[in-house]
Structure formats: C-alpha cells, structure tokens
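**Student:** Okay, so here is run_18.tsv, and as you'll see once you scroll down, it has TSV, C-alpha atoms.
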```
chain	number	residue	atom	x	y	z
A	217	MET	CA	0.00	0.00	0.00
A	218	VAL	CA	1.15	3.55	-0.84
A	219	ALA	CA	0.48	6.71	1.16
A	220	VAL	CA	0.83	10.12	-0.51
A	221	ILE	CA	0.63	13.29	1.58
A	222	TYR	CA	0.66	16.94	0.53
A	223	SER	CA	0.73	19.35	3.47
A	224	GLY	CA	0.24	23.10	3.37
A	225	SER	CA	0.01	25.47	6.31
A	226	ASN	CA	-3.65	24.76	7.06
A	227	TYR	CA	-3.99	20.99	6.64
A	228	ALA	CA	-2.39	17.86	5.22
A	229	ASP	CA	-4.16	16.03	2.38
A	230	TRP	CA	-3.79	12.22	2.45
A	231	ARG	CA	-4.44	9.48	-0.11
A	232	LEU	CA	-3.93	5.77	0.53
A	233	ALA	CA	-3.88	3.40	-2.43
A	234	ASP	CA	-3.22	-0.29	-3.07
A	235	LYS	CA	-2.47	-1.69	-6.53
A	236	GLY	CA	-3.77	1.46	-8.19
A	237	ARG	CA	-7.04	1.51	-6.21
A	238	MET	CA	-7.66	4.33	-3.74
A	239	ILE	CA	-8.33	2.98	-0.26
A	240	ALA	CA	-8.84	6.20	1.70
A	241	SER	CA	-8.96	9.96	1.21
A	242	PHE	CA	-8.89	12.34	4.17
A	243	LYS	CA	-7.31	15.41	5.77
A	244	THR	CA	-5.40	15.87	9.00
A	245	GLY	CA	-3.91	18.92	10.66
A	246	SER	CA	-0.92	20.47	8.94
A	247	ILE	CA	2.45	18.73	9.28
A	248	ASN	CA	5.10	21.42	9.15
A	249	PRO	CA	8.43	20.73	10.90
A	250	PHE	CA	8.82	24.45	11.65
A	251	PHE	CA	5.85	24.18	14.00
A	252	SER	CA	5.38	20.42	14.56
A	253	ASP	CA	7.88	18.38	16.56
A	254	GLU	CA	7.99	14.58	16.56
A	255	LYS	CA	5.65	14.32	19.54
A	256	HIS	CA	3.03	16.52	17.88
A	257	ILE	CA	3.21	14.58	14.60
A	258	LEU	CA	2.80	11.23	16.35
A	259	HIS	CA	-0.16	12.59	18.30
A	260	LEU	CA	-1.77	13.68	15.04
A	261	LEU	CA	-1.18	10.29	13.40
A	262	ASN	CA	-2.57	8.41	16.39
A	263	LYS	CA	-5.83	10.34	16.20
A	264	ASN	CA	-6.75	9.17	12.70
A	265	ILE	CA	-8.65	5.90	12.38
A	266	ASN	CA	-7.59	5.38	8.73
A	267	LEU	CA	-3.92	5.55	9.67
A	268	ILE	CA	-4.32	3.33	12.72
A	269	HIS	CA	-6.16	0.73	10.65
A	270	HIS	CA	-3.70	0.68	7.71
A	271	ALA	CA	-0.40	1.54	9.46
A	272	GLU	CA	1.14	-1.91	9.04
A	273	GLU	CA	-0.05	-2.31	5.44
A	274	ILE	CA	1.59	0.87	4.17
A	275	LYS	CA	4.95	0.07	2.58
A	276	ARG	CA	5.84	3.35	0.86
A	277	ILE	CA	5.15	6.94	1.94
A	278	TYR	CA	5.66	10.05	-0.18
A	279	PHE	CA	5.35	13.26	1.82
A	280	PHE	CA	5.54	16.79	0.40
A	281	GLY	CA	5.11	19.77	2.68
A	282	ALA	CA	5.85	23.36	3.55
A	283	GLY	CA	8.80	23.86	5.89
A	284	VAL	CA	10.91	20.94	4.65
A	285	LEU	CA	13.92	23.13	4.00
A	286	ASN	CA	16.86	21.08	5.25
A	287	LYS	CA	17.84	17.61	6.42
A	288	ALA	CA	17.14	18.29	10.11
A	289	LEU	CA	13.55	19.37	9.37
A	290	GLN	CA	13.17	16.49	6.93
A	291	ASP	CA	14.38	14.04	9.58
A	292	THR	CA	11.74	15.26	12.05
A	293	ILE	CA	9.04	13.98	9.72
A	294	ILE	CA	10.90	10.83	8.67
A	295	GLN	CA	11.53	9.74	12.27
A	296	SER	CA	7.92	10.40	13.26
A	297	PHE	CA	6.57	8.42	10.31
A	298	GLU	CA	9.01	5.54	10.73
A	299	SER	CA	7.98	5.26	14.36
A	300	PHE	CA	4.29	4.99	13.42
A	301	PHE	CA	4.50	3.14	10.08
A	302	LYS	CA	6.75	0.25	11.07
A	303	TYR	CA	7.17	-1.31	7.62
A	304	ALA	CA	7.21	1.75	5.37
A	305	LYS	CA	9.99	3.39	3.40
A	306	VAL	CA	9.52	7.14	3.85
A	307	THR	CA	10.37	9.84	1.29
A	308	VAL	CA	10.05	13.47	2.40
A	309	ASP	CA	10.50	16.59	0.26
A	310	HIS	CA	9.37	20.20	-0.10
A	311	ASP	CA	5.86	21.10	-1.29
A	312	ILE	CA	7.23	22.86	-4.38
A	313	LEU	CA	8.56	19.54	-5.69
A	314	GLY	CA	5.18	17.91	-5.03
A	315	ALA	CA	3.44	20.70	-6.93
A	316	ALA	CA	5.94	20.33	-9.79
A	317	ILE	CA	5.36	16.59	-10.12
A	318	ALA	CA	1.60	17.11	-9.95
A	319	CYS	CA	1.63	19.82	-12.61
A	320	CYS	CA	4.42	18.67	-14.92
A	321	ASN	CA	4.84	14.95	-14.30
A	322	SER	CA	8.30	14.37	-15.82
A	323	ASN	CA	8.34	17.43	-18.07
A	324	PRO	CA	10.27	20.62	-17.27
A	325	GLY	CA	8.46	23.81	-16.35
A	326	ILE	CA	8.15	26.85	-14.10
A	327	VAL	CA	5.99	25.97	-11.12
A	328	CYS	CA	4.40	28.45	-8.73
A	329	ILE	CA	2.50	27.62	-5.55
A	330	CYS	CA	-0.14	30.09	-4.42
A	331	GLY	CA	-2.26	28.78	-1.57
A	332	SER	CA	-1.92	29.61	2.09
A	333	GLY	CA	1.69	30.52	1.18
A	334	SER	CA	3.49	31.12	-2.11
A	335	ASN	CA	6.69	30.01	-3.80
A	336	ALA	CA	8.07	29.37	-7.28
A	337	ALA	CA	10.84	27.31	-8.84
A	338	TRP	CA	12.26	25.84	-12.03
A	339	TYR	CA	11.64	22.08	-12.40
A	340	ASP	CA	13.85	20.19	-14.85
A	341	GLY	CA	11.55	17.15	-14.98
A	342	LYS	CA	13.28	15.45	-12.06
A	343	LYS	CA	14.48	18.03	-9.56
A	344	ILE	CA	13.78	21.54	-8.36
A	345	LYS	CA	16.55	24.05	-8.96
A	346	PRO	CA	17.25	25.86	-5.64
A	347	ASN	CA	16.60	29.60	-5.49
A	348	ASN	CA	16.10	32.43	-3.00
A	349	PHE	CA	12.29	32.45	-3.10
A	350	GLY	CA	9.97	30.98	-0.47
A	351	LEU	CA	10.87	33.26	2.44
A	352	GLY	CA	7.69	32.52	4.40
A	353	TYR	CA	4.69	34.41	5.67
A	354	ILE	CA	6.64	37.27	7.31
A	355	LEU	CA	9.15	38.16	4.58
A	356	ALA	CA	7.35	36.99	1.44
A	357	ASP	CA	4.34	34.82	0.42
A	358	GLU	CA	3.22	37.46	-2.07
A	359	GLY	CA	-0.32	36.93	-3.34
A	360	SER	CA	-1.01	34.03	-0.99
A	361	GLY	CA	-3.73	33.58	1.62
A	362	ASN	CA	-1.28	34.78	4.27
A	363	TRP	CA	-0.49	37.90	2.25
A	364	LEU	CA	-4.18	38.65	1.60
A	365	GLY	CA	-4.93	38.25	5.31
A	366	ARG	CA	-2.19	40.72	6.18
A	367	GLN	CA	-3.53	43.31	3.75
A	368	LEU	CA	-7.07	42.95	5.08
A	369	ILE	CA	-6.01	43.35	8.71
A	370	LYS	CA	-3.76	46.33	7.95
A	371	ALA	CA	-6.54	48.08	6.05
A	372	TYR	CA	-8.97	47.45	8.91
A	373	LEU	CA	-6.57	48.63	11.62
A	374	ASN	CA	-5.41	51.66	9.61
A	375	GLU	CA	-9.05	52.51	8.87
A	376	THR	CA	-8.46	52.49	5.11
A	377	LEU	CA	-10.86	49.60	4.51
A	378	PRO	CA	-13.96	50.97	2.74
A	379	ALA	CA	-16.93	51.48	5.08
A	380	ASN	CA	-19.09	48.75	3.52
A	381	LEU	CA	-16.31	46.18	3.87
A	382	ARG	CA	-15.42	47.35	7.37
A	383	LYS	CA	-19.01	46.78	8.44
A	384	LYS	CA	-19.00	43.28	6.95
A	385	PHE	CA	-15.62	42.51	8.54
A	386	VAL	CA	-16.77	43.53	12.04
A	387	LYS	CA	-20.02	41.60	11.70
A	388	ARG	CA	-18.29	38.46	10.45
A	389	TYR	CA	-15.32	38.29	12.81
A	390	ASP	CA	-16.66	40.12	15.91
A	391	THR	CA	-13.17	41.43	16.62
A	392	ASP	CA	-11.20	44.54	17.53
A	393	ARG	CA	-7.65	45.87	17.40
A	394	LYS	CA	-6.52	44.08	20.56
A	395	ILE	CA	-7.83	40.68	19.46
A	396	LEU	CA	-6.33	40.96	15.97
A	397	LEU	CA	-2.89	41.94	17.23
A	398	GLU	CA	-3.02	39.11	19.76
A	399	LYS	CA	-3.78	36.58	17.04
A	400	VAL	CA	-1.05	37.89	14.74
A	401	TYR	CA	1.75	38.35	17.28
A	402	HIS	CA	1.07	35.96	20.15
A	403	GLN	CA	-0.70	32.84	18.95
A	404	ARG	CA	1.41	29.80	18.01
A	405	GLN	CA	0.76	29.69	14.25
A	406	PRO	CA	-0.39	33.12	13.06
A	407	ALA	CA	-0.14	32.02	9.42
A	408	LEU	CA	-3.18	29.80	9.97
A	409	PHE	CA	-5.23	32.76	11.13
A	410	LEU	CA	-3.98	35.04	8.36
A	411	SER	CA	-4.75	32.58	5.57
A	412	SER	CA	-8.22	31.86	7.02
A	413	LEU	CA	-9.17	35.43	6.09
A	414	THR	CA	-9.05	34.42	2.40
A	415	ASP	CA	-12.69	33.40	2.85
A	416	PHE	CA	-13.60	37.07	3.25
A	417	PHE	CA	-12.18	37.76	-0.22
A	418	THR	CA	-13.98	34.75	-1.68
A	419	ASP	CA	-17.34	35.75	-0.23
A	420	ASN	CA	-17.00	39.36	-1.42
A	421	LEU	CA	-15.25	38.75	-4.71
A	422	ASN	CA	-17.40	41.16	-6.68
A	423	ASP	CA	-16.08	44.06	-4.60
A	424	GLY	CA	-13.72	46.21	-6.65
A	425	TYR	CA	-11.48	47.13	-3.71
A	426	LEU	CA	-10.84	43.48	-2.82
A	427	GLN	CA	-10.25	42.61	-6.47
A	428	GLU	CA	-7.56	45.29	-6.59
A	429	VAL	CA	-5.88	43.80	-3.50
A	430	ILE	CA	-5.89	40.32	-5.03
A	431	VAL	CA	-4.48	41.57	-8.35
A	432	LYS	CA	-1.78	43.54	-6.51
A	433	GLY	CA	-0.75	40.35	-4.71
A	434	PHE	CA	-0.62	38.35	-7.94
A	435	ASP	CA	1.34	41.15	-9.62
A	436	LEU	CA	3.91	41.05	-6.82
A	437	LEU	CA	4.13	37.26	-6.96
A	438	ILE	CA	4.68	37.24	-10.71
A	439	GLN	CA	7.16	40.14	-10.67
A	440	THR	CA	9.15	38.80	-7.72
A	441	ASN	CA	9.18	35.06	-8.37
A	442	VAL	CA	7.90	34.09	-11.81
A	443	LEU	CA	9.41	36.62	-14.22
A	444	PRO	CA	13.01	36.02	-13.06
A	445	LEU	CA	12.51	32.32	-13.83
A	446	LYS	CA	10.88	33.11	-17.18
A	447	GLN	CA	13.90	35.22	-18.12
A	448	GLN	CA	16.13	32.20	-17.48
A	449	HIS	CA	13.81	29.71	-19.20
A	450	ALA	CA	12.08	31.69	-21.91
A	451	GLN	CA	10.41	28.71	-23.63
A	452	ALA	CA	9.16	27.03	-20.46
A	453	ASP	CA	5.49	26.51	-19.68
A	454	ILE	CA	4.23	28.12	-16.47
A	455	TYR	CA	2.10	26.20	-13.97
A	456	PHE	CA	0.28	27.35	-10.85
A	457	ALA	CA	-0.97	25.20	-7.98
A	458	GLY	CA	-2.93	26.08	-4.87
A	459	SER	CA	-6.31	27.16	-3.56
A	460	VAL	CA	-5.76	30.91	-4.00
A	461	ALA	CA	-4.49	30.52	-7.58
A	462	ASP	CA	-7.50	28.38	-8.42
A	463	GLY	CA	-10.06	30.35	-6.43
A	464	PHE	CA	-9.15	33.65	-8.09
A	465	LYS	CA	-7.96	32.24	-11.43
A	466	THR	CA	-9.61	34.93	-13.55
A	467	LEU	CA	-7.71	37.65	-11.69
A	468	LEU	CA	-4.52	35.56	-11.83
A	469	GLN	CA	-4.81	35.23	-15.59
A	470	GLN	CA	-5.36	39.00	-15.74
A	471	SER	CA	-2.12	39.62	-13.84
A	472	ALA	CA	-0.25	37.15	-16.04
A	473	HIS	CA	-1.54	38.83	-19.19
A	474	ASN	CA	-0.49	42.25	-17.89
A	475	ALA	CA	3.00	40.84	-17.22
A	476	GLY	CA	3.24	39.43	-20.74
A	477	ILE	CA	3.19	35.76	-19.77
A	478	LYS	CA	0.77	32.88	-20.28
A	479	ILE	CA	-0.17	30.34	-17.62
A	480	SER	CA	-0.50	26.85	-19.10
A	481	TYR	CA	-2.28	25.16	-16.21
A	482	ILE	CA	-3.81	26.04	-12.82
A	483	LEU	CA	-4.23	23.14	-10.40
A	484	LYS	CA	-6.20	23.52	-7.18
A	485	GLU	CA	-4.93	20.46	-5.28
A	486	PRO	CA	-1.76	18.53	-6.22
A	487	ILE	CA	-2.68	15.46	-4.17
A	488	ASN	CA	-4.72	13.50	-6.74
A	489	ASN	CA	-2.12	13.91	-9.50
A	490	LEU	CA	0.58	12.90	-7.02
A	491	LEU	CA	-1.38	9.78	-6.14
A	492	THR	CA	-1.68	8.83	-9.81
A	493	TYR	CA	2.05	9.44	-10.36
A	494	TYR	CA	3.18	7.28	-7.45
A	495	SER	CA	0.54	4.59	-7.85
A	496	ASN	CA	1.84	4.02	-11.37
A	497	LYS	CA	5.42	3.75	-10.05
A	498	ASN	CA	4.65	1.05	-7.48
```
Could you express the structure from this file as structure tokens?
**Tutor:**
Amino acid sequence: MVAVIYSGSNYADWRLADKGRMIASFKTGSINPFFSDEKHILHLLNKNINLIHHAEEIKRIYFFGAGVLNKALQDTIIQSFESFFKYAKVTVDHDILGAAIACCNSNPGIVCICGSGSNAAWYDGKKIKPNNFGLGYILADEGSGNWLGRQLIKAYLNETLPANLRKKFVKRYDTDRKILLEKVYHQRQPALFLSSLTDFFTDNLNDGYLQEVIVKGFDLLIQTNVLPLKQQHAQADIYFAGSVADGFKTLLQQSAHNAGIKISYILKEPINNLLTYYSNKN
C-alpha cells in the first residue's frame, strides 16, 4: 500500500492506495516541521482511524510539505513516520517539488505555488533548482492567503478599509484591534489565522477594492518570483498550484496577461495527481 501526503500550512491532504485503487482519502492537521515536533506529529497520526487501521499495510510513503527546507527538518518527519508506520519506506521533500510533479509529471516547467503561502521554482523534470524564493509568511508569500490576510487586517486597523467592507468585517469576525494583534503576534501559528481570512475575499469577490488587493498580490508574486525564472527559461510553460491561484484564477490570468506571460495550467490540489504518479510507479 502507498500513502501520498501533501501538506500546506492549514492541513495535510492524504491518499492511501493499493495496486492502483484508492483505499482512503482524508485530511489531518498540517504537518510542518517548523511548527510540529515529533511528539506533535505522532499525536496527530494516532488520532486518525484510517492511519491506525492501515499503518502496518503501508509500505511506501511520499510526503511533500511546507517547511521541509533542510535535512534536520526532513528528519523530524521521517523519524515520526518511521515510528508509526513500522514497515514503510519514507520519502520526504518540499511542497514545491510535489506541486511540480503534480503539474508537470516528468516534463520541465516553471511551477508556482499560491495557496496559504506562495513560492516558485524551475523544475527540470526530475528536480527543483534551488533559489532564493519561499521566504515565508513574514518576509514573502506574495499573493497568498497569508499575504491577503495581512492586507485585510492592515486596512482594517489603519481605517483604510472601505466602510461597507469594514461593516462586513466587524459583523463576520466580531473582533477589535486588541484581538487581531493578539492573534497575529502571540498565537502559536499566526499564518493559519492570516490565511483563514481568504474566505472574506472569496465571499466578497465582486467588490472592486478586494479585487484590486488580489491583483496587486498576484502582480507582486509574478514580478518577484515568476518573471526572473521566465527570463532564465524563456520557452518554459508556467504552472500554478494552490487554492488561491485556483479560487481567483480569472484575476490571476489578468495579472499574467499584464505581465506578458501565459499560464499553461492552474491546479487547485496537487494530491490527486501525485497519487496517480506514485501509484503508477509502485
């Protein structure tokens, strides 16, 4: 049996398959070694009935997630999984590689993630070429759910959010300055809170002010991360993956057009394509 996992900042998407047939599909809490130690990961695994039931049957695990930036962080996940899945060989890599495989299979291309966070890279059909992007929710994540959440909170606190949206924001979140600052600066994983505010954009998508914020974020993402890669690989196809890219795809295509590039494919969730890829390899 094969287990394939794709974890963002909000949740981890799981697929279990045996001989090409999907056995289980479910979500767990996010598995990010920046925030999750071995004890936390094991606790999460032990809470899921699908994993408890199939733990000894799973022989190969392919995990792709945010925060897997070096061997020490990678080992946190590997050791946790090997402790729980006694007979499995575990492969762990960064979410950008998972998105690349899901979008490109074994073909080269420029791949950009835009979900709760954002990142971009050149994929040669086998490996991701390292770069200086992917600086996280404080320094980067342009256009992502985290970035959109930051813009919404700043506009509310600075009292530049239009009156109609301010009224909707207060009614929906029943919050104030003190509560917002507490959630951003003192809670354990502020990125989860920030990206949750993407729903406000989705539910008010016809509002011109919010559309301008979304387009600004996409413009920054393309200018900062995608165009430098396009300059290096002029003939490469461009792929996007993630809930924000898919949820606001019309505005994303608008930003791409304004930047003089064409997006070949926008994929909401990499997990199903990853399952197909690895089921066919085993």
**Student:** Compile a residue-level contact table for region 230-333 of chain A against region 407-419 of chain A at a cut-off of 9 Å, reporting for every qualifying residue the shortest atom pair and its distance in Å to one decimal, with only C-alpha atoms counted, rows ordered by chain and ascending number, as a Markdown table.
**Tutor:**
```
| residue | atom | partner | partner_atom | distance |
| --- | --- | --- | --- | --- |
| A:Gly331 | CA | A:Ser411 | CA | 8.5 |
| A:Ser332 | CA | A:Ser411 | CA | 5.4 |
| A:Gly333 | CA | A:Ser411 | CA | 8.1 |
```
**Student:** Which residues, protein or nucleic acid, reach to within 9 Å of (-1.6, -1.2, -0.3) in the file's coordinates when using all atoms listed in the file, and can you give that as a PyMOL selection string?
**Tutor:** chain A and resi 217-219+232-239+270+273-276
**Student:** Using all atoms listed in the file, which of A:Glu254, A:Glu398, A:Glu272, A:Glu358 sits nearest Ile293 (chain A)?
**Tutor:**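 Closest candidate: A:Glu254.
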**Student:** Between A:Tyr303, A:Ala379, A:Leu491, A:Ala452, single out the one closest to Asp340 (chain A), counting all atoms listed in the file.
**Tutor:** A:Ala452
**Student:** Considering all atoms listed in the file, state which residue in the set A:Pro444, A:Pro346, A:Pro406, A:Gly283 is at the smallest distance from Asn362 (chain A).
**Tutor:** A:Pro406
**Student:** Return as a tab-separated table the residues of region 295-332 of chain A lying at most 10 Å from region 461-480 of chain A, together with the closest atom-to-atom pair for each and the distance in Å to one decimal, counting all atoms listed in the file, with rows in chain order and ascending residue number.
**Tutor:**
```
residue	atom	partner	partner_atom	distance
A:Cys319	CA	A:Ser480	CA	9.8
A:Gly325	CA	A:Ser480	CA	9.9
A:Ile326	CA	A:Ile479	CA	9.7
A:Val327	CA	A:Ile479	CA	10.0
A:Cys328	CA	A:Ala461	CA	9.2
A:Ile329	CA	A:Ala461	CA	7.8
A:Cys330	CA	A:Ala461	CA	5.4
A:Gly331	CA	A:Ala461	CA	6.6
```
**Student:** Quick one, how far is CA of Glu375 (chain A) from CA of Gly359 (chain A)?
**Tutor:**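 CA of Gly359 (chain A) lies 21.6 Å from CA of Glu375 (chain A).
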**Student:** Please provide the set of residues having any atom within 12 Å of Asn335 (chain A), restricted to all atoms listed in the file, with same-chain residues fewer than 5 positions apart removed, written as an NGL selection string.
**Tutor:** :A and (224 or 282-283 or 310-313 or 315-316 or 326-330 or 344 or 346-353 or 355-360 or 434 or 436-438 or 440-442 or 445 or 455-458 or 461)
**Student:** What is the distance between CA of Val308 (chain A) and CA of Asn323 (chain A), in Å to one decimal?
**Tutor:**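 Answer for the CA of Val308 (chain A) to CA of Asn323 (chain A) separation: 20.9 Å.
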**Student:** From the set A:Arg366, A:Gln448, A:Tyr389, A:Ile482, which residue has the shortest atom-to-atom contact distance to Lys345 (chain A), counting only C-alpha atoms?
**Tutor:**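 Using only C-alpha atoms, the shortest distance to Lys345 (chain A) belongs to A:Gln448.
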**Student:** May I ask for the distance between CA of Asp392 (chain A) and CA of Tyr372 (chain A), given in Å to one decimal place?
**Tutor:**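 About the pair CA of Asp392 (chain A) and CA of Tyr372 (chain A): they are 9.4 Å apart.
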**Student:** Kindly indicate which residue among A:Ile265, A:Val400, A:Arg382, A:Phe250 lies nearest to Leu426 (chain A), using all atoms listed in the file for the distances.
**Tutor:**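 Between A:Ile265, A:Val400, A:Arg382, A:Phe250, the residue approaching Leu426 (chain A) most closely is A:Arg382.
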**Student:** Compile the contact shell of Val306 (chain A) as number ranges by chain: residues with an atom at most 7 Å away, counting all atoms listed in the file, same-chain residues fewer than 3 positions apart removed.
**Tutor:** A: 276-278, 294
**Student:** Using only C-alpha atoms, can you tell me which of A:Phe251, A:Phe242, A:Tyr425, A:Trp230 comes closest to Val284 (chain A)?
**Tutor:**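 So, comparing all the options, the nearest one is A:Phe251.
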**Student:** Using all atoms listed in the file, which residues sit within 12 Å of Leu261 (chain A) once same-chain residues fewer than 4 positions away are excluded, as a VMD selection string?
**Tutor:** chain A and resid 228 230 243 to 247 254 to 257 265 to 271 293 296 to 301
